[in-house]
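First up is the structure itself, then whatever we jot down about it.
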Amino acid sequence: MRFKTFFAFVAPSVFMMTLFIALPLVSVFIQSFQITQPVMQQLEVETCTPGFITQTCVTELKTVPIIGDDGKIQTTTQWVGLQSYRNVLQMDKVWEALSSGRLGDILQIDFWKALRFTLMFTLLTLPLVIGVGLLIALTVNNAARAFRGPVIFVSLLPFIVTPVIGALSIYWLFVGDGILTAMMERWSGTNISMFAQAWTIELLMYFYRVWHVAPFAFVIFYAGLQTVNMDTLESAVIDGASRWERLRHVIIPHLMPLIVFIALIHLMDCYRVFDEIIGFRAQAHVISLQWLTVDFLTPDDAGNRAIARASASAMLTMIGIVFLLILPLRRTWRDHKGGAH
Amino acid sequence: MSTTSKAMRQSFALRFSSNAFLVFWCVIAAFPILWIAVMSVKSPVDAFAQNPMDVIMGPNTLARGDGLSILDIILGLAVLYFAIRWMFTRLPALVARYSPSGWIVLGWLIGAAIYALAFLLVFFGLLPLILAPLNAVLGPLGDPVLGLTTQHYIAVWGENEFYRNFLNSMLVTAGVVTISLTVGTLAGYGLARSGSDLAFWLLILALIFRALPHSVLVAGYLPWFINSAEILRPLFGDLSPTLYGQPWAVIAVLVSINQPFTIWMLRSFFQNIPAELDEAARVDGCSHFQAFRRVIMPVMWPGVITTGLFSFLLGYNDYLVTSLLLDAQNQTMVPAIAGYFNRETTTTDQVEAVAAAVSITAPLFLLVMVFQRQIVSGLTAGAVKG
């Protein structure tokens, strides 16, 4: 295929990705060094309240935004360098906490709190998803043929359900005296509230994510299991390999590329954990990096959006993506070069 | 197989625990979703009762006069069973007969809409009319035993005007699916048939874009979208739109966010179509575009439908982009649910939120039922090619 034809085919897609992915990235990068504020002026304002005999008048200096000719508040944009990053990272507080030895204080700062949760969430759910997915795939492969279709249907439900709704459906089972909380209270004899402290919410979030993603891993592993070489398995049996050894030395190596694939997708998706926070209404206790950016972007009570801080936090989130993708990308590059020769 | 079966035979304990785990998983997988469906048709006291049996049987709902008799349940299930059977056995043939050739997709859309309408009419219009006198005649068999009320659904769809959010969701989703498939199919075909380094780099770039958190991108759009009327004024004059709050701007954003995934997936589908097919067409004197239109398009539909399903899910399930880029007047369904959080003060509000959540899930449930095979093949196709 000549370059011109190739270009004609991919042009619409490339155009959209440039306009709506590449350019916004540049824009975010620039915004993170700028700050846009309304232009303020100080006015002497005399306010009078009716009093007995004479009016009581107070003159005070007020700071008000300048209204432009078009009736809108005038704004200026300044270059502030790394100021927004400093606002997000709050390094002074971090150093303070480090020097005084109270490491827990670092986790009081929003960004570090979000980073801690995002990383822990990503790394803890990864082995669980792969393990549970593999277990379901093995058991489905083991089940009678007639049951496989219905089981796949039921398994797809958690995967396909809207993430916010999925999280909500679990939230409603545990909220207040929801039936599962009530059941746990009956068993333990103590009063339990699942949404009053961070660690129980986090547990539910891990559970939700595994519930949501394990079907994806299961379907892929199940497809992989259909192509396991039966001859190899049989020779392993003849060599006296136990069931566990067969799994360990024949099946898992066969599934290894799929495990890598699922791990990569899972890392990408987990790193941007967001919907759980909304569904579990966890923002008071647990927040993630993506939630932090969205929170900056949401208008506050005065209707202002902290675009500069959002951009800084977005750029910091991107640094994590680079670390996440560096290994798989190097591998792909080596494969590509190897395949070319 | 018969020789290996003895060596491969599993002990009873292993088979039992394997199947037990499977049952356990199915319960966990389905329980939260089924349970909110049960909660949504009970009165608030029953829905948040501590005893599971109370939630299922709904004594309080029953006491308020909303309930089903044994006859209702049996007849209702029978109608449901035959409706679903008919959908899978007769409907495809009918659609195939009445839709003009080449417009099968449109035929399916219309067929599905008519079917849904007829089902709603029969199930919620005709059935209660028939059952009311029957229940009165039958005596003890006709006494209500299971509490069930549709009042929350009526409140959500009627008073709270949830249908507006539904229509917005449909608009955004339909736009996302059609545009991202049109753009993505061309690009996927181009990438699959070109072995150049440029194609490789494009794919790697798409992979990086796939990893970006959506909030990063939205942080890039927001200032531009809010001020777009002034920025575009020199170009379009007074016609220049404010992109913030426009569904079609959100469609464009979601299509772009979805592009990396779409082109990877479609590329792997096109790679499975033998290149000899379009080479033969080229030998016969077709240009690349003609070859694509006459030879590839007729055989590409399975891959396109699968990719379309995943685009649908992205548009339909999105919370982050739509909640930040649309305003309250044209909000889609998923962010609209957040509106219930703020109001959710009484238990009635809570059950209404549950009913709204079930309303959002129901179309997805149907989707899995109809397209299970395509979803599975799509998931695995992505994995095979990496």
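Simple scheme: letters A, B, ... for chains in structure tokens order, numbers from 1 for residues in each chain, numbers from 1 for ligands in the order shown.
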- Message: Based on only C-alpha atoms, which of the residues in chain B come within 7 Å of chain A? I want them as a PyMOL selection string.
- Response: chain B and resi 18-19+22+26+29-30+32-33+36+48+50-52+183-184+186-187+190+193-194+211+213+215-217+219-221+253+256+259+317+357+361+364+372+376+379-380+383+386
- Compile the contact shell of range 307-316 of chain B as a PyMOL selection string: residues with an atom at most 7 Å away, counting only C-alpha atoms, same-chain residues fewer than 6 positions apart removed. chain B and resi 169+172-173+176-177+181+254+258+262+265-266+378
Export, as a PDB file, in the first residue's frame, the selected residues with C-alpha atoms.
ATOM      1  CA  SER B 169     -27.688   8.868  26.568  1.00  0.00           C
ATOM      2  CA  VAL B 172     -24.472  10.362  22.707  1.00  0.00           C
ATOM      3  CA  THR B 173     -24.125   6.586  22.428  1.00  0.00           C
ATOM      4  CA  VAL B 176     -20.171   7.598  19.421  1.00  0.00           C
ATOM      5  CA  VAL B 177     -20.848   4.186  17.877  1.00  0.00           C
ATOM      6  CA  LEU B 181     -16.847   2.831  13.662  1.00  0.00           C
ATOM      7  CA  LEU B 254     -15.644  10.244  23.341  1.00  0.00           C
ATOM      8  CA  ASN B 258     -12.204   5.559  21.977  1.00  0.00           C
ATOM      9  CA  THR B 262     -11.111   0.867  18.155  1.00  0.00           C
ATOM     10  CA  MET B 265      -9.295  -4.041  17.693  1.00  0.00           C
ATOM     11  CA  LEU B 266     -10.390  -3.506  14.093  1.00  0.00           C
ATOM     12  CA  GLY B 378     -14.159  -9.383  20.860  1.00  0.00           C
TER      13      GLY B 378
END
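The space separating CA of Val41 in chain B from CA of Arg186 in chain A comes to 26.1 Å.
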- Report the residues of range 139-341 of chain B whose backbone DSSP state falls under alpha helix (DSSP H), written as JSON, numbers by chain. {"B": [151, 152, 153, 154, 162, 163, 164, 165, 166, 167, 168, 169, 170, 171, 172, 173, 174, 175, 176, 177, 178, 179, 180, 181, 182, 183, 184, 185, 186, 187, 188, 189, 190, 191, 192, 193, 197, 198, 199, 200, 201, 202, 203, 204, 205, 206, 207, 208, 209, 210, 211, 214, 215, 216, 217, 218, 219, 220, 221, 222, 223, 224, 225, 226, 228, 229, 230, 231, 232, 233, 234, 235, 236, 247, 248, 249, 250, 251, 252, 253, 254, 255, 256, 257, 258, 259, 260, 261, 262, 263, 264, 265, 266, 267, 268, 269, 270, 271, 272, 275, 276, 277, 278, 279, 280, 281, 282, 283, 288, 289, 290, 291, 301, 302, 303, 304, 305, 306, 307, 308, 309, 310, 311, 312, 313, 314, 315, 316, 317, 320, 321, 322, 323, 324, 325, 333, 334, 335, 336, 337, 338, 339, 340, 341]}
Could you save those same residues with C-alpha atoms as a short mmCIF file (atom, residue, chain, number, x, y, z; two decimals), in the first residue's frame?
data_model
loop_
_atom_site.label_atom_id
_atom_site.label_comp_id
_atom_site.auth_asym_id
_atom_site.auth_seq_id
_atom_site.Cartn_x
_atom_site.Cartn_y
_atom_site.Cartn_z
CA GLN B 151 -44.26 3.17 41.85
CA HIS B 152 -40.53 3.97 41.96
CA TYR B 153 -40.13 3.38 38.24
CA ILE B 154 -43.15 5.57 37.57
CA PHE B 162 -35.54 10.36 33.49
CA TYR B 163 -36.53 9.80 29.85
CA ARG B 164 -34.75 13.06 29.01
CA ASN B 165 -31.52 11.61 30.35
CA PHE B 166 -32.31 8.37 28.52
CA LEU B 167 -32.71 10.24 25.22
CA ASN B 168 -29.46 12.13 25.83
CA SER B 169 -27.69 8.87 26.57
CA MET B 170 -29.08 7.35 23.37
CA LEU B 171 -28.01 10.38 21.33
CA VAL B 172 -24.47 10.36 22.71
CA THR B 173 -24.12 6.59 22.43
CA ALA B 174 -25.51 6.40 18.89
CA GLY B 175 -23.19 9.20 17.81
CA VAL B 176 -20.17 7.60 19.42
CA VAL B 177 -20.85 4.19 17.88
CA THR B 178 -21.49 5.37 14.31
CA ILE B 179 -18.67 7.90 14.10
CA SER B 180 -16.03 5.84 15.84
CA LEU B 181 -16.85 2.83 13.66
CA THR B 182 -16.74 4.85 10.43
CA VAL B 183 -13.45 6.51 11.29
CA GLY B 184 -11.99 3.44 12.98
CA THR B 185 -12.83 0.96 10.22
CA LEU B 186 -10.93 2.98 7.63
CA ALA B 187 -7.94 3.44 9.90
CA GLY B 188 -7.98 -0.18 11.08
CA TYR B 189 -7.99 -1.42 7.48
CA GLY B 190 -5.18 0.93 6.51
CA LEU B 191 -3.08 -0.15 9.49
CA ALA B 192 -3.72 -3.85 8.90
CA ARG B 193 -2.64 -3.70 5.25
CA ASP B 197 7.22 1.67 10.33
CA LEU B 198 4.81 4.58 10.35
CA ALA B 199 1.88 2.22 10.94
CA PHE B 200 3.79 0.60 13.80
CA TRP B 201 4.50 3.96 15.41
CA LEU B 202 0.90 5.03 15.02
CA LEU B 203 -0.19 1.91 16.86
CA ILE B 204 2.32 2.46 19.65
CA LEU B 205 1.17 6.06 19.97
CA ALA B 206 -2.42 4.83 20.14
CA LEU B 207 -1.40 2.43 22.91
CA ILE B 208 0.05 5.33 24.90
CA PHE B 209 -3.10 7.35 24.30
CA ARG B 210 -5.13 4.36 25.48
CA ALA B 211 -3.37 4.57 28.85
CA HIS B 214 -9.56 10.73 30.86
CA SER B 215 -9.35 13.50 33.44
CA VAL B 216 -6.03 14.60 31.93
CA LEU B 217 -7.74 15.15 28.59
CA VAL B 218 -10.78 16.84 30.09
CA ALA B 219 -8.45 19.26 31.90
CA GLY B 220 -7.22 20.14 28.41
CA TYR B 221 -10.70 20.63 26.94
CA LEU B 222 -12.48 22.55 29.65
CA PRO B 223 -10.99 26.06 29.28
CA TRP B 224 -11.30 25.85 25.48
CA PHE B 225 -14.82 24.48 25.51
CA ILE B 226 -16.13 27.08 27.94
CA SER B 228 -15.04 28.46 22.50
CA ALA B 229 -17.63 31.06 21.42
CA GLU B 230 -15.05 33.84 21.75
CA ILE B 231 -12.14 31.84 20.39
CA LEU B 232 -14.05 30.80 17.28
CA ARG B 233 -15.65 34.22 16.69
CA PRO B 234 -13.02 35.37 14.15
CA LEU B 235 -13.70 32.17 12.15
CA PHE B 236 -17.46 31.72 12.29
CA PRO B 247 -23.85 16.67 23.16
CA TRP B 248 -22.10 16.60 19.78
CA ALA B 249 -18.92 18.03 21.31
CA VAL B 250 -19.04 15.23 23.89
CA ILE B 251 -19.56 12.74 21.06
CA ALA B 252 -16.43 14.02 19.33
CA VAL B 253 -14.47 13.78 22.57
CA LEU B 254 -15.64 10.24 23.34
CA VAL B 255 -14.98 9.11 19.77
CA SER B 256 -11.42 10.37 20.01
CA ILE B 257 -10.85 8.80 23.41
CA ASN B 258 -12.20 5.56 21.98
CA GLN B 259 -10.15 5.69 18.76
CA PRO B 260 -6.98 3.98 20.09
CA PHE B 261 -8.94 0.97 21.29
CA THR B 262 -11.11 0.87 18.15
CA ILE B 263 -8.23 0.90 15.69
CA TRP B 264 -6.29 -1.77 17.61
CA MET B 265 -9.29 -4.04 17.69
CA LEU B 266 -10.39 -3.51 14.09
CA ARG B 267 -6.82 -3.92 12.88
CA SER B 268 -6.67 -7.36 14.45
CA PHE B 269 -9.98 -8.26 12.78
CA PHE B 270 -8.79 -7.05 9.39
CA GLN B 271 -5.56 -8.99 9.74
CA ASN B 272 -7.66 -12.13 9.97
CA ALA B 275 -4.97 -10.13 2.11
CA GLU B 276 -5.34 -12.28 -1.07
CA LEU B 277 -8.98 -11.19 -1.12
CA ASP B 278 -8.29 -7.52 -1.78
CA GLU B 279 -5.19 -8.33 -3.86
CA ALA B 280 -7.45 -10.29 -6.19
CA ALA B 281 -9.75 -7.28 -6.44
CA ARG B 282 -6.75 -5.04 -7.11
CA VAL B 283 -5.61 -7.34 -9.93
CA HIS B 288 -7.73 0.43 -2.78
CA PHE B 289 -10.96 2.19 -1.89
CA GLN B 290 -13.00 0.18 -4.37
CA ALA B 291 -11.43 -3.03 -3.07
CA TRP B 301 -19.42 -7.01 9.74
CA PRO B 302 -18.68 -9.51 12.55
CA GLY B 303 -15.62 -7.51 13.57
CA VAL B 304 -17.40 -4.20 13.19
CA ILE B 305 -20.38 -5.32 15.28
CA THR B 306 -18.07 -6.53 18.04
CA THR B 307 -16.09 -3.30 18.07
CA GLY B 308 -19.35 -1.37 17.98
CA LEU B 309 -20.49 -3.14 21.13
CA PHE B 310 -17.42 -1.97 22.99
CA SER B 311 -17.84 1.56 21.67
CA PHE B 312 -21.43 1.41 22.88
CA LEU B 313 -20.27 0.39 26.34
CA LEU B 314 -17.75 3.24 26.45
CA GLY B 315 -20.32 5.86 25.50
CA TYR B 316 -23.07 4.42 27.65
CA ASN B 317 -21.00 3.79 30.78
CA LEU B 320 -16.29 11.34 33.96
CA VAL B 321 -16.40 13.05 30.57
CA THR B 322 -20.17 13.54 30.40
CA SER B 323 -20.45 14.84 33.95
CA LEU B 324 -17.75 17.46 33.36
CA LEU B 325 -18.59 18.53 29.81
CA MET B 333 -28.20 8.81 32.54
CA VAL B 334 -25.12 7.78 34.50
CA PRO B 335 -24.15 11.25 35.78
CA ALA B 336 -27.83 12.01 36.37
CA ILE B 337 -27.81 9.31 39.03
CA ALA B 338 -25.37 11.51 40.96
CA GLY B 339 -28.22 14.00 41.21
CA TYR B 340 -30.02 11.46 43.36
CA PHE B 341 -27.11 11.37 45.83
#
- Task: Would you mind reading off the distance between CA of Trp79 in chain A and CA of Thr36 in chain A, one decimal, in Å?
- Result: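 CA of Thr36 in chain A lies at a distance of 9.0 Å from CA of Trp79 in chain A.
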- Expected answer as number ranges by chain: strand (DSSP E or B) residues in range 125-346 of chain B: B: 144-147
- Query: Hey, what's within 8 Å of Arg209 in chain A if we count only C-alpha atoms and toss same-chain stuff fewer than 4 positions away? As a ChimeraX atom specification, please?
  - Reply: /A:125,205,213
Take the residues from that selection and write them out as a PDB file, in the first residue's frame, keeping C-alpha atoms.
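The file below, part_19.pdb, is the result:
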ATOM      1  CA  THR A 125      -5.853  -6.040  42.607  1.00  0.00           C
ATOM      2  CA  MET A 205     -13.258  -1.213  46.472  1.00  0.00           C
ATOM      3  CA  VAL A 213     -12.483  -7.275  35.990  1.00  0.00           C
TER       4      VAL A 213
END
- Got a sec: who's within 12 Å of Arg86 in chain A, counting only C-alpha atoms, leaving out chain neighbours fewer than 2 positions off, as a PyMOL selection string? chain A and resi 32-33+80-84+88-94+111+308-309+312-313+316
Could you write out the selected residues, including C-alpha atoms, as a PDB file, in the first residue's frame?
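Contents of result_22.pdb, as written:
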ATOM      1  CA  SER A  32       0.067  23.864  34.344  1.00  0.00           C
ATOM      2  CA  PHE A  33       2.568  26.748  34.278  1.00  0.00           C
ATOM      3  CA  VAL A  80       3.777  31.293  37.485  1.00  0.00           C
ATOM      4  CA  GLY A  81       6.334  28.601  36.786  1.00  0.00           C
ATOM      5  CA  LEU A  82       6.066  25.657  39.118  1.00  0.00           C
ATOM      6  CA  GLN A  83       3.671  27.347  41.548  1.00  0.00           C
ATOM      7  CA  SER A  84       0.734  25.059  40.695  1.00  0.00           C
ATOM      8  CA  VAL A  88      -0.505  20.250  44.534  1.00  0.00           C
ATOM      9  CA  LEU A  89       2.581  18.527  45.933  1.00  0.00           C
ATOM     10  CA  GLN A  90       2.900  20.692  49.075  1.00  0.00           C
ATOM     11  CA  MET A  91       6.534  19.689  49.450  1.00  0.00           C
ATOM     12  CA  ASP A  92       7.087  21.979  52.434  1.00  0.00           C
ATOM     13  CA  LYS A  93       4.623  19.956  54.465  1.00  0.00           C
ATOM     14  CA  VAL A  94       6.211  16.740  53.196  1.00  0.00           C
ATOM     15  CA  PHE A 111      -2.001  14.354  46.405  1.00  0.00           C
ATOM     16  CA  ALA A 308      -4.079  25.398  36.846  1.00  0.00           C
ATOM     17  CA  ARG A 309      -3.952  22.992  39.748  1.00  0.00           C
ATOM     18  CA  ALA A 312      -0.498  20.272  37.375  1.00  0.00           C
ATOM     19  CA  SER A 313      -2.083  17.235  38.968  1.00  0.00           C
ATOM     20  CA  LEU A 316       1.920  14.504  37.629  1.00  0.00           C
TER      21      LEU A 316
END
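CA of Ile73 in chain B is positioned 10.4 Å from CA of Leu131 in chain B.
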